[in-house]
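Accompanying notes for the structure given below.
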Amino acid sequence: MKMQDTPHAPVVLDVAGLALTEVEAQRLTHPLVGGLILFARNFESRAQLVALTSSIKAIRPDILIAVDHEGGRVQRFRSDGFTHLPAMRALGELWMKDAMRATEAATASGFVLAAELRACGVDFSFTPVLDLDHQDAAGASLSRVIGERAFHSDPRVVSVLAKSLMQGLLLAGMSSCGKHFPGHGFVAADSHVDVPVDKRSLKAILAADAKPFEWLSLSLSAVMPAHVIYPKVDSRPAGFSRRWLQEVLRERLGFGGAIFSDDLGMAGARVLEGRAIGYTEAALAALDAGCDLVLLCNQSAVEGGAAIDELLAGLSQAQASGRWTPEPDSESRRLDLLPQTVPLTWDELMRNPRYLAAVERLA
């Protein structure tokens, strides 16, 4: 099969610094590259960020420029006018005092987040976190990597606040991404450096952690599965599991949007059924399981981005040999994540009544 017969651009990669290198610019023209994720190292000022995103779009107007920008400790851009957004736990705590004020603050947070990013040329943020804040007897979060990133321990509160935040995103023309399906909050291990295992049953997970994904399945634009193994359901991590992504997420919960793999460079993505795997095998496993897009982060500055080039070459070869055939709807799901409205410029945003009111509600 020739690559152009079934066009789809599933790879989301990163860049090393504040501006594109010649090699990175050339990499963006590869037909399998569909997205780019930014980090704090890619930000010095708003003017620099606008120049970077403009240079990316000049090469690939259809590429999805994304970032992890949730609020709290996960906020990549924090200076030169960017609003410091609250951790999601703060919204959950506000809910316990004043539920309606909390939903309003969640909408304000989503709107400010999306409007500021879009004013700088960023299309998409991997938010909201839908994990539950499971706690031990002393009231400490079971999951170190989730913690204050979660709204609450009650899936009903998580769902209402997440939907309010998603409304704010939409007001600024941005799509949403619920993570980490079916739930990362019950395991202490961090999938960035370990392979977490959640030994609960499917019934228990569906009754609690997966509920926000079920209740928001019609509202979410995208979902990111966890690099967590749930051995009573499947021996593979959720992001590599057809049972989780096809049978549960797609068929049982009715989700029809895009599915992203989490970062394939994380430790939780480098082991499959007890065996160490490379980037290409990890990407093929994720795509075969039902992911529409695969992320490979923090590799552009390592050996000149050799891991990225290895992945692109490996996927190209797999497609040419028929070992990977893109799902017919995957590319349309990717394109659906791109904003459909023209963003306000930063100067326009600073005079926009809705934006000013939203910032006031976060004070």
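All residue names refer to the structure tokens as shown: chains lettered A, B, ... in order, residues numbered from 1 in each chain, ligands numbered from 1 in order.
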
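Near Arg275 of chain A, within a cut-off of 12 Å and counting only C-alpha atoms, sit the residues Val195, Ser235, Arg236, Gly268, Ala269, Arg270, Glu281 and Ala282 of chain A, with same-chain residues fewer than 5 positions away left out.
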
With N, CA, C and O atoms retained, write the just-selected residues as a PDB file, in the first residue's frame.
```
ATOM      1  N   VAL A 195       5.603   1.545  35.714  1.00  0.00           N
ATOM      2  CA  VAL A 195       4.458   0.917  35.052  1.00  0.00           C
ATOM      3  C   VAL A 195       3.402   0.654  36.125  1.00  0.00           C
ATOM      4  O   VAL A 195       3.435  -0.374  36.803  1.00  0.00           O
ATOM      5  N   SER A 235      -4.089  -7.441  30.035  1.00  0.00           N
ATOM      6  CA  SER A 235      -2.676  -7.449  30.437  1.00  0.00           C
ATOM      7  C   SER A 235      -1.915  -6.265  29.854  1.00  0.00           C
ATOM      8  O   SER A 235      -0.778  -5.996  30.257  1.00  0.00           O
ATOM      9  N   ARG A 236      -2.511  -5.569  28.911  1.00  0.00           N
ATOM     10  CA  ARG A 236      -1.864  -4.411  28.287  1.00  0.00           C
ATOM     11  C   ARG A 236      -2.310  -3.120  28.968  1.00  0.00           C
ATOM     12  O   ARG A 236      -3.442  -3.028  29.449  1.00  0.00           O
ATOM     13  N   GLY A 268       5.779   3.927  31.303  1.00  0.00           N
ATOM     14  CA  GLY A 268       4.568   3.125  31.220  1.00  0.00           C
ATOM     15  C   GLY A 268       4.197   2.710  29.807  1.00  0.00           C
ATOM     16  O   GLY A 268       3.366   1.821  29.614  1.00  0.00           O
ATOM     17  N   ALA A 269       4.825   3.345  28.807  1.00  0.00           N
ATOM     18  CA  ALA A 269       4.539   3.013  27.406  1.00  0.00           C
ATOM     19  C   ALA A 269       5.625   2.162  26.775  1.00  0.00           C
ATOM     20  O   ALA A 269       5.526   1.800  25.607  1.00  0.00           O
ATOM     21  N   ARG A 270       6.642   1.832  27.547  1.00  0.00           N
ATOM     22  CA  ARG A 270       7.784   1.131  26.965  1.00  0.00           C
ATOM     23  C   ARG A 270       7.839  -0.350  27.328  1.00  0.00           C
ATOM     24  O   ARG A 270       8.840  -1.014  27.087  1.00  0.00           O
ATOM     25  N   GLU A 281       7.193   0.179  17.791  1.00  0.00           N
ATOM     26  CA  GLU A 281       6.285  -0.873  18.245  1.00  0.00           C
ATOM     27  C   GLU A 281       5.227  -0.310  19.190  1.00  0.00           C
ATOM     28  O   GLU A 281       4.057  -0.708  19.134  1.00  0.00           O
ATOM     29  N   ALA A 282       5.628   0.630  20.033  1.00  0.00           N
ATOM     30  CA  ALA A 282       4.666   1.265  20.935  1.00  0.00           C
ATOM     31  C   ALA A 282       3.608   2.036  20.139  1.00  0.00           C
ATOM     32  O   ALA A 282       2.411   1.961  20.434  1.00  0.00           O
TER      33      ALA A 282
END
```

Legend entry - Contacts of Ala204 of chain A at 12 Å (only C-alpha atoms; same-chain gap of 4+ positions) as a count of residues only: 13

Inset, instruction - Do a neighbour search on Gly92 of chain A at 8 Å with only C-alpha atoms, toss out local chain neighbours closer than 2 positions, and write the hits as a ChimeraX atom specification. - result: /A:88-90,94-96,102,151-152,157-158,161

Legend entry - Selected residue, from A:Ala285, A:Ala172, A:Ala66, A:Leu165, that lies nearest to Arg242 of chain A when counting only C-alpha atoms: A:Ala285

Legend entry - Residue with smallest distance to Met224 of chain A - pool A:Arg333, A:Lys203, A:Arg41, A:His180, counting only C-alpha atoms: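 Smallest separation from Met224 of chain A among the options: A:His180.
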
Inset, instruction - Could you give me, as a list in words, the residues within 8 Å of Asp292 of chain A, counting only C-alpha atoms and dropping anything in the same chain fewer than 6 positions from it? - result: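 Neighbouring residues, sequence-local ones excluded: Pro10, Ala258, Ile259, Phe260, Ser261, Glu327, Ser330, Glu331, Arg333 and Arg334 of chain A.
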
Inset, instruction - Name the residues of segment 97-305 of chain A that fall into alpha helix (DSSP H) according to DSSP on the backbone, using the chain letters and numbers of this document, as a PyMOL selection string. - result: chain A and resi 97+99-119+155-171+202-207+211-215+242+279-289

Could you give me, as JSON lines, every segment 258-354 of chain A residue with an atom at most 9 Å from segment 35-38 of chain A, plus its closest atom pair and distance in Å to one decimal, counting only C-alpha atoms, rows ordered by chain then number?
```
{"residue": "A:Leu293", "atom": "CA", "partner": "A:Gly35", "partner_atom": "CA", "distance": 8.5}
{"residue": "A:Leu295", "atom": "CA", "partner": "A:Ile37", "partner_atom": "CA", "distance": 8.3}
{"residue": "A:Leu296", "atom": "CA", "partner": "A:Ile37", "partner_atom": "CA", "distance": 9.0}
{"residue": "A:Cys297", "atom": "CA", "partner": "A:Ile37", "partner_atom": "CA", "distance": 7.4}
{"residue": "A:Arg334", "atom": "CA", "partner": "A:Gly35", "partner_atom": "CA", "distance": 8.8}
```

Inset, instruction - Go through A:Gly121, A:Pro225, A:Gly17, A:Gly278 and flag the residue nearest Thr53 of chain A, using only C-alpha atoms for the distances. - result: A:Gly121

Considering only C-alpha atoms, tabulate each residue of segment 86-192 of chain A that lies at most 8 Å from segment 347-354 of chain A along with its nearest interatomic pair and the corresponding distance in Å to one decimal; arrange the rows by chain and ascending residue number and present them as a Markdown table.
```
| residue | atom | partner | partner_atom | distance |
| --- | --- | --- | --- | --- |
| A:Ala115 | CA | A:Leu349 | CA | 7.6 |
| A:Glu116 | CA | A:Leu349 | CA | 7.8 |
| A:Ala119 | CA | A:Leu349 | CA | 7.7 |
```

Could the residues in this selection be written to a file with C-alpha atoms, as a CSV table (one decimal), in the first residue's frame?
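Written output follows (out.csv):
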```csv
chain,number,residue,atom,x,y,z
A,115,ALA,CA,-8.4,32.5,24.9
A,116,GLU,CA,-4.8,33.3,26.0
A,119,ALA,CA,-4.2,34.6,21.0
```

Legend entry - Within 8 Å of Leu272 of chain A using only C-alpha atoms, minus same-chain residues under 4 positions, as an MDAnalysis selection string: chainID A and resid 236:237 276:277

Inset, instruction - Select, from A:Glu360, A:Asp98, A:Glu104, A:Asp123, the residue with the minimum atom-to-atom distance to Lys163 of chain A, counting only C-alpha atoms. - result: A:Glu104

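For the residues A:Ala140, A:Val112, A:Ala40, A:Ala318, ranking by smallest atom-to-atom distance to Arg78 of chain A using only C-alpha atoms places A:Ala40 first.
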
Inset, instruction - Identify, with DSSP run on backbone atoms, the residues in segment 45-206 of chain A assigned to strand (DSSP E), and express the list as number ranges by chain. - result: A: 64-67, 69-71, 74-75, 124-125, 177-181

Legend entry - Residue nearest Arg60 of chain A - candidates A:Ser45, A:Pro231, A:Thr83, A:Leu28, atoms counted: only C-alpha atoms: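 Using only C-alpha atoms, the shortest distance to Arg60 of chain A belongs to A:Leu28.
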
Inset, instruction - Quick one: pull the distance between atom CA of Leu245 of chain A and atom CA of Ala286 of chain A, Å, one decimal. - result: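 Going from atom CA of Leu245 of chain A over to atom CA of Ala286 of chain A covers 9.7 Å.
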
Inset, instruction - Work out how far apart atom CA of Phe39 of chain A and atom CA of Val74 of chain A are and give it in Å to one decimal. - result: 10.3 Å

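Picture a line from atom CA of Pro31 of chain A to atom CA of Ala313 of chain A; it runs 11.1 Å.
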